[in-house]
Structures are given as structure tokens and as C-alpha cells.
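Listing of query-v3.cif, mmCIF, C-alpha atoms
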data_final
#
loop_
_atom_site.label_atom_id
_atom_site.label_comp_id
_atom_site.auth_asym_id
_atom_site.auth_seq_id
_atom_site.Cartn_x
_atom_site.Cartn_y
_atom_site.Cartn_z
CA MET A 1 0.00 0.00 0.00
CA ALA A 2 1.19 3.52 -0.66
CA LEU A 3 0.05 6.95 0.29
CA LEU A 4 0.64 9.32 -2.57
CA ASN A 5 0.39 13.02 -1.96
CA TYR A 6 0.24 16.19 -3.97
CA LEU A 7 1.17 18.54 -1.16
CA LYS A 8 4.19 19.94 -2.99
CA ASP A 9 2.05 20.82 -6.03
CA TYR A 10 -0.57 22.60 -3.94
CA ARG A 11 2.09 24.38 -1.89
CA SER A 12 3.80 25.59 -5.07
CA ARG A 13 0.45 26.81 -6.39
CA MET A 14 -0.04 28.76 -3.18
CA GLY A 15 3.45 30.25 -3.63
CA ILE A 16 4.68 29.46 -0.15
CA ASN A 17 7.74 27.55 1.05
CA GLN A 18 7.93 24.61 3.46
CA THR A 19 8.68 26.81 6.47
CA GLU A 20 5.62 28.98 5.84
CA LEU A 21 3.35 25.98 5.31
CA GLY A 22 4.79 24.40 8.45
CA LYS A 23 4.01 27.54 10.44
CA LEU A 24 0.44 27.61 9.10
CA ALA A 25 -0.05 23.93 9.98
CA GLY A 26 1.72 24.17 13.33
CA VAL A 27 4.47 21.71 12.46
CA SER A 28 8.13 22.00 11.58
CA ARG A 29 9.56 22.47 8.09
CA GLN A 30 11.11 19.02 8.37
CA THR A 31 7.70 17.43 8.85
CA ILE A 32 6.34 19.11 5.72
CA SER A 33 9.41 17.91 3.86
CA LEU A 34 8.95 14.34 5.14
CA ILE A 35 5.30 14.33 4.04
CA GLU A 36 6.12 15.73 0.60
CA ARG A 37 8.80 13.09 0.07
CA GLY A 38 6.37 10.37 1.14
CA ASP A 39 8.57 9.42 4.08
CA TYR A 40 5.91 10.15 6.67
CA SER A 41 2.15 9.55 6.69
CA PRO A 42 0.54 12.37 8.67
CA SER A 43 -2.15 11.87 11.29
CA VAL A 44 -5.79 12.45 10.31
CA THR A 45 -5.74 15.76 12.20
CA LEU A 46 -2.68 17.03 10.33
CA ALA A 47 -4.01 15.80 6.98
CA LEU A 48 -7.28 17.67 7.58
CA ARG A 49 -5.39 20.78 8.66
CA LEU A 50 -3.20 20.70 5.55
CA ALA A 51 -6.23 20.19 3.32
CA LYS A 52 -7.94 23.18 4.95
CA ILE A 53 -4.87 25.37 4.42
CA CYS A 54 -4.68 24.32 0.75
CA GLN A 55 -8.48 24.78 0.48
CA VAL A 56 -9.00 21.32 -0.97
CA THR A 57 -10.30 18.02 0.39
CA VAL A 58 -8.04 15.42 1.98
CA GLU A 59 -8.71 13.16 -1.03
CA ASP A 60 -7.36 15.87 -3.33
CA LEU A 61 -4.20 16.10 -1.26
CA PHE A 62 -3.63 12.43 -0.51
CA GLU A 63 -4.29 9.35 -2.57
CA TYR A 64 -4.31 5.88 -1.13
CA LYS A 65 -3.03 3.39 -3.66
CA GLU A 66 -3.63 -0.21 -2.74
CA ASP A 67 -1.30 -2.99 -3.88
CA ASP A 68 -2.77 -5.78 -5.99
CA VAL A 69 -4.44 -7.86 -3.32
CA GLU A 70 -6.50 -10.96 -4.01
CA LEU A 71 -9.69 -10.75 -1.99
CA MET B 1 -13.47 -29.65 -11.33
CA THR B 2 -12.80 -32.46 -8.81
CA ALA B 3 -9.14 -32.68 -9.94
CA ASP B 4 -8.73 -28.92 -9.41
CA LYS B 5 -10.32 -29.17 -5.98
CA ASN B 6 -7.98 -32.00 -4.96
CA ARG B 7 -4.96 -30.08 -6.21
CA ASN B 8 -6.03 -27.02 -4.22
CA GLU B 9 -6.52 -29.11 -1.09
CA LYS B 10 -3.07 -30.69 -1.52
CA GLU B 11 -1.50 -27.25 -1.98
CA ASN B 12 -3.31 -25.94 1.08
CA LYS B 13 -2.07 -28.90 3.16
CA LYS B 14 1.50 -28.30 1.96
CA GLU B 15 1.22 -24.62 2.80
CA ASN B 16 -0.16 -25.46 6.26
CA LYS B 17 2.73 -27.87 6.88
CA ARG B 18 5.21 -25.18 5.86
CA GLU B 19 3.52 -22.67 8.18
CA ASN B 20 3.54 -25.20 11.04
CA LYS B 21 7.25 -25.71 10.49
CA ARG B 22 7.80 -21.98 10.59
CA ASP B 23 5.65 -21.65 13.70
CA ASN B 24 7.44 -24.38 15.62
CA THR B 25 8.94 -21.88 18.01
CA TYR B 26 9.50 -24.29 20.90
CA VAL B 27 11.66 -26.65 18.81
CA ARG B 28 13.67 -23.76 17.40
CA MET B 29 14.10 -22.24 20.86
CA GLY B 30 15.16 -25.64 22.28
CA LEU B 31 17.67 -26.14 19.46
CA PHE B 32 19.03 -22.65 19.94
CA MET B 33 19.49 -23.24 23.69
CA ALA B 34 21.14 -26.65 23.09
CA VAL B 35 23.56 -25.20 20.53
CA SER B 36 24.32 -22.28 22.87
CA ALA B 37 24.99 -24.71 25.75
CA ILE B 38 27.35 -26.81 23.60
CA VAL B 39 29.20 -23.73 22.29
CA GLY B 40 29.34 -22.30 25.84
CA GLY B 41 30.73 -25.60 27.16
CA ILE B 42 33.41 -25.79 24.48
CA VAL B 43 34.41 -22.14 24.97
CA GLY B 44 34.47 -22.67 28.74
CA VAL B 45 36.74 -25.74 28.52
CA LEU B 46 39.03 -23.98 26.02
CA THR B 47 39.20 -20.89 28.24
CA ILE B 48 40.07 -22.93 31.33
CA MET B 49 42.73 -24.82 29.33
CA ALA B 50 44.17 -21.59 27.96
CA LEU B 51 44.15 -19.90 31.35
CA ASP B 52 45.53 -22.89 33.22
CA GLY B 53 48.66 -21.57 34.90
CA ASN B 54 48.22 -18.17 33.27
CA LEU B 55 45.55 -16.90 35.63
CA GLU B 56 48.09 -15.55 38.09
CA ASN B 57 49.98 -13.87 35.26
CA ILE B 58 46.80 -12.21 34.01
CA GLU B 59 45.86 -11.11 37.54
CA SER B 60 49.30 -9.63 38.17
CA GLY B 61 49.19 -8.02 34.71
CA ALA B 62 45.85 -6.41 35.57
CA ALA B 63 47.27 -5.19 38.89
CA VAL B 64 50.28 -3.65 37.10
CA PHE B 65 47.95 -1.98 34.58
CA LEU B 66 45.80 -0.59 37.41
CA ALA B 67 48.89 0.71 39.20
CA GLN B 68 50.05 2.40 35.99
CA VAL B 69 46.65 4.08 35.53
CA GLN B 70 46.75 5.23 39.16
CA ARG B 71 50.21 6.70 38.61
CA ILE B 72 49.23 8.70 35.51
CA MET B 73 45.66 9.40 36.63
CA LEU B 74 46.16 13.16 36.90
CA PRO B 75 47.82 13.75 33.50
CA LEU B 76 45.31 11.33 31.94
CA LEU B 77 42.36 13.29 33.34
CA ILE B 78 43.92 16.58 32.21
CA ALA B 79 44.37 15.13 28.71
CA ILE B 80 40.74 13.90 28.60
CA THR B 81 39.53 17.34 29.73
CA ALA B 82 41.66 19.12 27.12
CA VAL B 83 40.44 16.87 24.29
CA SER B 84 36.83 17.20 25.50
CA VAL B 85 37.07 21.01 25.49
CA PHE B 86 38.69 21.06 22.05
CA LEU B 87 36.13 18.70 20.47
CA GLY B 88 33.22 20.26 22.36
CA GLU B 89 34.06 23.78 21.17
CA ARG B 90 34.56 22.56 17.61
CA ASN B 91 31.17 20.84 17.61
CA ILE B 92 29.41 23.89 19.07
CA ARG B 93 31.04 26.13 16.45
CA LYS B 94 29.94 23.79 13.66
CA LEU B 95 26.42 23.63 15.07
CA ARG B 96 26.21 27.42 15.17
CA GLU B 97 27.26 27.59 11.51
CA ILE B 98 24.67 24.98 10.58
CA SER B 99 21.96 26.81 12.56
CA GLY B 100 22.71 29.98 10.60
CA LYS B 101 22.49 28.11 7.29
CA LEU B 102 19.28 26.38 8.37
CA LEU B 103 17.62 29.73 9.02
CA GLU B 104 18.58 30.97 5.55
CA SER B 105 17.76 27.82 3.57
CA ASP B 106 14.54 26.08 2.63
CA ASP B 107 13.18 22.94 0.98
CA GLU B 108 15.90 20.59 -0.39
CA GLU B 109 18.78 22.65 0.98
CA GLY B 110 17.06 22.77 4.35
CA ASP B 111 16.85 18.97 4.36
CA LYS B 112 20.59 18.77 3.79
CA TRP B 113 21.36 21.12 6.69
CA ASP B 114 18.80 19.36 8.91
CA TYR B 115 20.67 16.12 8.41
CA GLU B 116 23.99 17.84 9.08
CA GLU B 117 22.60 19.34 12.27
CA GLU B 118 21.45 15.92 13.45
CA ARG B 119 24.79 14.35 12.56
CA VAL B 120 26.98 16.98 14.21
CA GLY B 121 24.66 17.10 17.24
CA ALA B 122 24.81 13.32 17.65
CA ARG B 123 28.59 13.38 17.35
CA GLY B 124 28.83 16.15 19.94
CA MET B 125 26.59 14.32 22.42
CA LEU B 126 28.50 11.08 21.90
CA THR B 127 31.82 12.85 22.51
CA ASN B 128 30.35 14.40 25.65
CA ILE B 129 29.13 11.06 27.05
CA LEU B 130 32.38 9.32 26.07
CA SER B 131 34.38 11.95 27.97
CA GLN B 132 32.18 11.44 31.04
CA VAL B 133 32.66 7.67 30.89
CA LEU B 134 36.43 7.95 30.42
CA CYS B 135 36.69 10.39 33.34
CA VAL B 136 34.76 8.00 35.60
CA LEU B 137 36.84 5.00 34.52
CA VAL B 138 40.17 6.76 35.07
CA LEU B 139 39.18 8.25 38.42
CA SER B 140 37.73 4.91 39.58
CA ALA B 141 41.11 3.31 39.04
CA GLY B 142 42.61 5.37 41.85
CA TYR B 143 40.00 6.97 44.07
CA SER B 144 39.21 3.98 46.28
CA VAL B 145 40.34 4.24 49.92
CA THR B 146 42.14 0.93 49.36
CA TYR B 147 44.66 2.69 47.13
CA ILE B 148 44.92 6.02 48.89
CA THR B 149 48.12 5.82 50.85
CA ASP B 150 50.34 8.47 52.41
CA GLY B 151 51.95 10.66 49.81
CA TYR B 152 49.41 9.55 47.23
CA HIS B 153 46.36 11.46 48.50
CA LYS B 154 47.51 14.77 46.93
CA ASN B 155 47.46 13.14 43.52
CA VAL B 156 43.92 11.83 44.16
CA LEU B 157 42.73 15.22 45.39
CA ALA B 158 44.13 17.01 42.35
CA SER B 159 42.60 14.34 40.09
CA CYS B 160 39.22 14.82 41.78
CA LEU B 161 39.42 18.57 41.12
CA VAL B 162 40.23 18.01 37.42
CA PHE B 163 37.42 15.43 37.26
CA LEU B 164 34.93 17.94 38.73
CA GLY B 165 36.16 20.65 36.36
CA CYS B 166 35.73 18.35 33.37
CA TYR B 167 32.24 17.32 34.50
CA ALA B 168 31.24 20.95 35.00
CA TYR B 169 32.41 21.78 31.46
CA LEU B 170 30.56 18.77 30.00
CA GLY B 171 27.37 19.74 31.86
CA PHE B 172 27.55 23.34 30.62
CA TRP B 173 28.31 22.05 27.13
CA GLN B 174 24.99 20.19 27.10
CA THR B 175 23.17 23.41 28.06
CA ARG B 176 24.96 25.31 25.29
CA PHE B 177 24.11 22.52 22.86
CA VAL B 178 20.38 22.84 23.60
CA LYS B 179 20.55 26.63 23.29
CA THR B 180 22.38 26.33 19.94
CA VAL B 181 19.73 23.92 18.60
CA LYS B 182 17.06 26.38 19.74
CA LEU B 183 18.63 29.08 17.53
CA ALA B 184 17.42 27.26 14.42
CA HIS B 185 14.31 25.82 16.11
CA PRO B 186 12.87 28.58 18.31
CA GLU B 187 9.64 26.58 18.72
CA LYS B 188 11.49 24.05 20.86
CA LYS B 189 10.87 24.31 24.59
CA GLY B 190 12.69 22.95 27.59
CA ASP B 191 15.03 24.22 30.25
CA PRO B 192 18.19 22.06 30.21
CA SER B 193 18.72 22.63 33.93
CA SER B 194 15.27 21.26 34.76
CA PRO B 195 14.72 17.58 35.60
CA LYS B 196 11.62 17.80 33.39
CA PHE B 197 13.69 18.86 30.39
CA HIS B 198 13.08 15.74 28.28
CA ARG B 199 9.31 15.91 28.82
CA GLN B 200 9.23 19.62 27.97
CA TRP B 201 11.33 19.03 24.85
CA LEU B 202 9.13 16.16 23.67
CA GLU B 203 5.98 18.23 24.20
CA SER B 204 7.37 20.91 21.90
CA CYS B 205 8.06 18.37 19.12
CA ASP B 206 5.49 17.83 16.39
CA GLU B 207 4.07 14.42 15.45
CA ALA B 208 6.80 13.42 12.94
CA GLU B 209 9.58 14.45 15.30
CA ARG B 210 7.93 12.47 18.10
CA GLU B 211 7.74 9.40 15.90
CA ILE B 212 11.50 9.64 15.32
CA VAL B 213 12.06 9.94 19.09
CA TYR B 214 9.75 6.96 19.83
CA ARG B 215 11.31 4.75 17.15
CA SER B 216 14.85 5.57 18.27
CA SER B 217 13.94 4.94 21.91
CA TYR B 218 12.41 1.55 21.10
CA LYS B 219 15.43 0.57 19.04
CA ALA B 220 17.73 1.56 21.91
CA TYR B 221 15.56 -0.44 24.35
CA ILE B 222 15.63 -3.54 22.14
CA GLN B 223 19.39 -3.33 21.68
CA MET B 224 19.96 -2.96 25.42
CA GLN B 225 17.48 -5.71 26.30
CA ASN B 226 18.50 -8.28 23.69
CA ARG B 227 22.15 -7.58 23.15
CA TRP B 228 24.16 -5.32 25.41
CA ILE B 229 22.83 -6.13 28.88
CA PRO B 230 22.99 -9.94 28.46
CA MET B 231 26.50 -9.55 27.01
CA LEU B 232 27.62 -7.33 29.91
CA LEU B 233 26.08 -9.78 32.36
CA LEU B 234 28.06 -12.60 30.79
CA ILE B 235 31.29 -10.59 30.88
CA THR B 236 30.83 -9.58 34.53
CA MET B 237 29.98 -13.19 35.49
CA PHE B 238 33.04 -14.52 33.66
CA GLY B 239 35.14 -11.78 35.25
CA HIS B 240 34.02 -12.83 38.70
CA LEU B 241 34.44 -16.54 37.92
CA LEU B 242 37.99 -16.25 36.57
CA PHE B 243 39.45 -13.10 38.14
CA ASN B 244 37.36 -12.68 41.27
CA THR B 245 36.32 -9.17 40.15
CA GLY B 246 33.56 -9.06 42.76
CA ILE B 247 29.83 -9.47 42.73
CA MET B 248 29.06 -5.73 42.63
CA ALA B 249 29.38 -5.48 38.85
CA ILE B 250 26.98 -8.42 38.38
CA VAL B 251 24.52 -6.86 40.84
CA ALA B 252 24.68 -3.49 39.04
CA VAL B 253 24.12 -4.97 35.57
CA SER B 254 21.30 -7.25 36.83
CA PHE B 255 19.65 -4.31 38.55
CA ILE B 256 19.83 -2.22 35.35
CA TYR B 257 18.33 -5.19 33.44
CA LEU B 258 15.45 -5.40 35.90
CA LEU B 259 14.87 -1.64 36.01
CA LEU B 260 14.90 -1.29 32.23
CA THR B 261 12.39 -4.10 31.69
CA SER B 262 10.10 -3.09 34.54
CA SER B 263 9.97 0.58 33.53
CA TYR B 264 9.21 -0.40 29.92
CA LEU B 265 6.43 -2.80 31.00
CA ARG B 266 5.03 -0.28 33.49
CA SER B 267 4.85 2.31 30.73
CA CYS B 268 3.11 -0.19 28.38
CA VAL B 269 0.51 -1.06 31.02
CA SER B 270 -0.21 2.56 31.95
CA LEU B 271 -0.47 3.58 28.27
CA LYS B 272 -2.96 0.76 27.62
CA GLY B 273 -5.18 2.25 30.32
CA ALA B 274 -4.66 5.84 29.25
CA LYS B 275 -6.05 7.82 26.34
CA LEU B 276 -3.33 7.81 23.69
#

Conversion result in C-alpha cells:
Amino acid sequence: MALLNYLKDYRSRMGINQTELGKLAGVSRQTISLIERGDYSPSVTLALRLAKICQVTVEDLFEYKEDDVEL
Amino acid sequence: MTADKNRNEKENKKENKRENKRDNTYVRMGLFMAVSAIVGGIVGVLTIMALDGNLENIESGAAVFLAQVQRIMLPLLIAITAVSVFLGERNIRKLREISGKLLESDDEEGDKWDYEEERVGARGMLTNILSQVLCVLVLSAGYSVTYITDGYHKNVLASCLVFLGCYAYLGFWQTRFVKTVKLAHPEKKGDPSSPKFHRQWLESCDEAEREIVYRSSYKAYIQMQNRWIPMLLLITMFGHLLFNTGIMAIVAVSFIYLLLTSSYLRSCVSLKGAKL
């Protein structure tokens, strides 16, 4: 399973850097960087906060891609 | 259809057998213990054979080494202090430079300096702890009342003063280290002189930073529990068996083992009952 995200795209569209987005979301620049690189899956609270800042839904910001699983 | 069904059943049975083999923990554990006992027995016999007649030589060699350390205790402590100050100042200077660059940089460049900050910080802390350990080891070689004889006490007193000076520097260094990190991360809280420092620091970390702290702590716990403490226990037991090093070391390591496990389990139990 993989959690894809488009945070970097939305941040670029907003014209702000990682530090500024971090300040708006109440987290460090490193955390924003980790999320953008896909190295950290944020909590539901942080995901909702980021979506609100970017003025999109969480589904627009994050995409859950499931591996091929036989059910 | 029936042939397919039979084939599937056969495959399922094979898979179950394989899983049962994998799950046979008791057999594996028993084999592991038997092999360890055999290896331990062989090593024990070989050690006794190798030490036969040499034990006294080793003991007298250790006594000579201890006497040498006692003799050069003061210059050794001065050297450790000097190296600690040199390395400590160099690390603080590097950290200050990195903090300045971190404040100016962003995105990918920020990541690079973040990593550098972590690396230099870890190296600085490790140097600090290593200096403390070395100071304790050197002073312990000569501070016991058993060794303090007439004409020797001045050397011990001077060594104690150097030891205290070194410890004071290392303590202040840790405070300066925290303050330097705070330059680039003003959101971080915590008074280094407070006993609640670690809690305050953790509370000022965000969720990703906390995850790094939790993961690192668990890894350190596992390494201590599964590797280092049992190994130290074995060494102290062998030391006492062969060189009569005393039971105190075994008691200390066993006590640490017990404290580490009980505090971890206590935390697990209380967290299960608490709102995470």
C-alpha cells in the first residue's frame, strides 16, 4: 500500500515555502518535507489541517493506492 | 473440477505444513538453547585450558595496569579534559554555523542542513558522554580508599578537582548545545537545567519528530534488552568466575536489566489504560 500526496504541487500553487506551510499547519519544516517526500504519513488531524490550508479536500491532497491484493 | 479441488486441497495442506514448520517456536528455541549450551561448554573448557597456569599472570598483569593508571591518573584526566574542550568547542562552532544556514535555507537545501545538524549534534553528544565515561573510569582506578596511601592522596585530590572541572564543562556544554539547537528551532521548549527537560522538549516536538524519538527509543531499548545487557552480564559473570572481580558489577548490571524491563512494562501497562 502507498500513500501518494500532492502537497508539494498545492504548496507551489499557493506560492509558499515549506517553512511557511509548516508555520500555518503548526508543524516543523522538516515534517512538511517528510510528508512531501512520502517518508511520513501524517495523522488524520494534520491531513485535515493541511487540506484546509490548501483549500481542498483530503482526497485531493492524498491518494491511497492499494497494492494488488486478491480478496 | 474435482481434480482442481484436490490439487487445491493438496497445496493448502503443503502450505499449512510449511507454516507449522515456521511456527514451531518451541523446537527452534530448544535447538538454539542446546547449541548455545554446547558452544558455551566448548568455549568454557578452552578458556580454562588456555588460562591454566596463566591466571596468576593475568591477575598480576591487571594489577600492574591498574597501578600504571593510578600513577598517571592526573595527566590522563587533564588530557581527557583538554580533548573534551577542544572537540566540544569545535562541535558547538559547527552547530552554530549549521543553525545559521538552516535559518537561511529552505526545501531541499534545508533537508541537507537538517541532516547535518542531526549528525553533528549526535557526534557532539556522543563525545560528551564518552568523555564522562572515560573520566569516571580513570578516576575509579585510583580513588578507592584501598589505594589512597600516604603521599598519594595529593594526587587523588588534584585528580578529583580536574574530574569535577571536566564534569562541569561537560554539563555546561549540554546546556549550550540545547541553546544552539534552539537558535534554528525557536519553537522548541525545555530548560536544560530542569529535571523535566526531556518531557518539555518532547511536548514541543510535532508528530513526525515524536515518531523519530519513539522509534529511536524503542530501538535503543531492544538493543539494550537483547544484546548489550545480556553480554555485559556474561562478561561480569566470567570476570568474577575467573578473576574474582567481585559481585558488585553483576549486581549493578542485573539491577539495570530489571529496572529497564520493569519501567518499559510499566509504561506499556499505563499507556494501555490511558487515552493515547

Considering only C-alpha atoms, give me a table of residues in chain A that are at most 12 Å from chain B, with the closest atom pair and distance in Å for each, as a Markdown table.
| residue | atom | partner | partner_atom | distance |
| --- | --- | --- | --- | --- |
| A:Lys8 | CA | B:Asp107 | CA | 10.3 |
| A:Arg11 | CA | B:Asp107 | CA | 11.5 |
| A:Ser12 | CA | B:Asp107 | CA | 11.5 |
| A:Ile16 | CA | B:Asp107 | CA | 10.8 |
| A:Asn17 | CA | B:Asp107 | CA | 7.1 |
| A:Gln18 | CA | B:Asp107 | CA | 6.0 |
| A:Thr19 | CA | B:Asp106 | CA | 7.0 |
| A:Glu20 | CA | B:Asp106 | CA | 9.9 |
| A:Leu21 | CA | B:Asp107 | CA | 11.2 |
| A:Gly22 | CA | B:Asp206 | CA | 10.3 |
| A:Lys23 | CA | B:Glu187 | CA | 10.1 |
| A:Ala25 | CA | B:Asp206 | CA | 10.4 |
| A:Gly26 | CA | B:Asp206 | CA | 8.0 |
| A:Val27 | CA | B:Asp206 | CA | 5.6 |
| A:Ser28 | CA | B:Asp206 | CA | 6.9 |
| A:Arg29 | CA | B:Asp107 | CA | 8.0 |
| A:Gln30 | CA | B:Asp111 | CA | 7.0 |
| A:Thr31 | CA | B:Ala208 | CA | 5.8 |
| A:Ile32 | CA | B:Asp107 | CA | 9.2 |
| A:Ser33 | CA | B:Asp107 | CA | 6.9 |
| A:Leu34 | CA | B:Ala208 | CA | 8.1 |
| A:Ile35 | CA | B:Ala208 | CA | 9.1 |
| A:Glu36 | CA | B:Asp107 | CA | 10.1 |
| A:Arg37 | CA | B:Glu108 | CA | 10.3 |
| A:Asp39 | CA | B:Ala208 | CA | 9.9 |
| A:Tyr40 | CA | B:Ala208 | CA | 7.1 |
| A:Ser41 | CA | B:Ala208 | CA | 8.7 |
| A:Pro42 | CA | B:Ala208 | CA | 7.7 |
| A:Ser43 | CA | B:Glu207 | CA | 7.9 |
| A:Val44 | CA | B:Glu207 | CA | 11.3 |
| A:Thr45 | CA | B:Glu207 | CA | 10.4 |
| A:Leu46 | CA | B:Glu207 | CA | 8.9 |
| A:Ala47 | CA | B:Glu207 | CA | 11.8 |

Selected residues written out with C-alpha atoms, as a PDB file, keeping the file's coordinate frame:
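Output file result10.pdb is given in full below:
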ATOM      1  CA  LYS A   8       4.190  19.940  -2.990  1.00  0.00           C
ATOM      2  CA  ARG A  11       2.090  24.380  -1.890  1.00  0.00           C
ATOM      3  CA  SER A  12       3.800  25.590  -5.070  1.00  0.00           C
ATOM      4  CA  ILE A  16       4.680  29.460  -0.150  1.00  0.00           C
ATOM      5  CA  ASN A  17       7.740  27.550   1.050  1.00  0.00           C
ATOM      6  CA  GLN A  18       7.930  24.610   3.460  1.00  0.00           C
ATOM      7  CA  THR A  19       8.680  26.810   6.470  1.00  0.00           C
ATOM      8  CA  GLU A  20       5.620  28.980   5.840  1.00  0.00           C
ATOM      9  CA  LEU A  21       3.350  25.980   5.310  1.00  0.00           C
ATOM     10  CA  GLY A  22       4.790  24.400   8.450  1.00  0.00           C
ATOM     11  CA  LYS A  23       4.010  27.540  10.440  1.00  0.00           C
ATOM     12  CA  ALA A  25      -0.050  23.930   9.980  1.00  0.00           C
ATOM     13  CA  GLY A  26       1.720  24.170  13.330  1.00  0.00           C
ATOM     14  CA  VAL A  27       4.470  21.710  12.460  1.00  0.00           C
ATOM     15  CA  SER A  28       8.130  22.000  11.580  1.00  0.00           C
ATOM     16  CA  ARG A  29       9.560  22.470   8.090  1.00  0.00           C
ATOM     17  CA  GLN A  30      11.110  19.020   8.370  1.00  0.00           C
ATOM     18  CA  THR A  31       7.700  17.430   8.850  1.00  0.00           C
ATOM     19  CA  ILE A  32       6.340  19.110   5.720  1.00  0.00           C
ATOM     20  CA  SER A  33       9.410  17.910   3.860  1.00  0.00           C
ATOM     21  CA  LEU A  34       8.950  14.340   5.140  1.00  0.00           C
ATOM     22  CA  ILE A  35       5.300  14.330   4.040  1.00  0.00           C
ATOM     23  CA  GLU A  36       6.120  15.730   0.600  1.00  0.00           C
ATOM     24  CA  ARG A  37       8.800  13.090   0.070  1.00  0.00           C
ATOM     25  CA  ASP A  39       8.570   9.420   4.080  1.00  0.00           C
ATOM     26  CA  TYR A  40       5.910  10.150   6.670  1.00  0.00           C
ATOM     27  CA  SER A  41       2.150   9.550   6.690  1.00  0.00           C
ATOM     28  CA  PRO A  42       0.540  12.370   8.670  1.00  0.00           C
ATOM     29  CA  SER A  43      -2.150  11.870  11.290  1.00  0.00           C
ATOM     30  CA  VAL A  44      -5.790  12.450  10.310  1.00  0.00           C
ATOM     31  CA  THR A  45      -5.740  15.760  12.200  1.00  0.00           C
ATOM     32  CA  LEU A  46      -2.680  17.030  10.330  1.00  0.00           C
ATOM     33  CA  ALA A  47      -4.010  15.800   6.980  1.00  0.00           C
TER      34      ALA A  47
END

Open item on the list: Show me, as a PyMOL selection string, the residues that have an atom within 12 Å of B:Ala252 when counting all atoms listed in the file, minus same-chain residues fewer than 3 positions from it.
Closed with: chain B and resi 229+232-233+236-237+246-249+255-259

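Atom CA of B:Gly44 is found 20.6 Å from atom CA of B:Gly30.
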
TODO: I would like the residues chosen by the PyMOL selection byres ((chain B and resi 173) around 9) on the shown file; could you give them as a list in words?
DONE: Val85, Gly88, Glu89, Ile92, Asn128, Ala168, Tyr169, Leu170, Gly171, Phe172, Gln174, Thr175, Arg176, Phe177 and Val178 of chain B

- [ ] Give as a list in words every residue, naming chains and numbers as the document does, that has an atom within 7 Å of (44.9, 12.3, 42.2), counting only C-alpha atoms.
- [x]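 The answer, in the requested form, is Met73, Leu74, His153, Lys154, Asn155, Val156, Leu157, Ala158, Ser159 and Cys160 of chain B.
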
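Between atom CA of B:Arg227 and atom CA of B:Leu139 lies a distance of 27.8 Å.
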
TODO: With the file shown as input, list the residues that the PyMOL selection byres ((chain B and resi 132) around 10) selects, as number ranges by chain.
DONE: B: 80-81, 84, 126-131, 133-137, 163, 166-167, 170-171

Open item on the list: Can you pull out the residues contacting A:Leu50? Cut-off 9 Å, using all atoms listed in the file, and skip same-chain residues under 6 positions away; I want them as a ChimeraX atom specification.
Closed with: /A:7,21,24-25,56,58,61

Task: Counting all atoms listed in the file, the option among B:Leu271, B:Leu242, B:Ile250, B:Val138 closest to B:Ile58 - done: B:Leu242
